[in-house]
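Peer 1: Below you'll find the structure I mean.
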Amino acid sequence: MAVLDGCESKFRTPEPEDMVCPKCGRTVEVFTLRGRITEDTPCECGYVFEHQQLDSPKVEKKPE
């Protein structure tokens, strides 16, 4: 049994997803993780599906 197995292991492995290019209408396979694109993926027409980083929680420091 791997360390990553368990309730959250499925959220750590990118999954292929078909997306339609907004420029030419072709179907392009991109890899997503939790619904966000994990790497830049170009279409044959030149359009690029860009990597979307997960937003990390922002911590505000209080002035001393």
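Naming works like this for the structure tokens: A, B, ... for the chains as they're shown, residue 1 at the start of each chain, ligands 1 onward in shown order.
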Neighbouring residues of range 27-33 of chain A were defined as those with any atom within 8 Å, considering only C-alpha atoms; residues of the same chain fewer than 3 positions away were excluded. Please report them as a list in words.
Peer 2: Phe11, Arg12, Thr13, Pro14, Glu15, Pro16, Glu17, Asp18, Met19, Val20, Cys21, Arg36, Ile37, Thr38, Glu39, Thr41, Cys43 and Phe49 of chain A
Peer 1: Among range 23-55 of chain A, which ones does DSSP assign to strand (DSSP E or B) (computed from the backbone)? Answer as number ranges by chain.
Peer 2: A: 27-33, 36-37, 41-42, 48-49
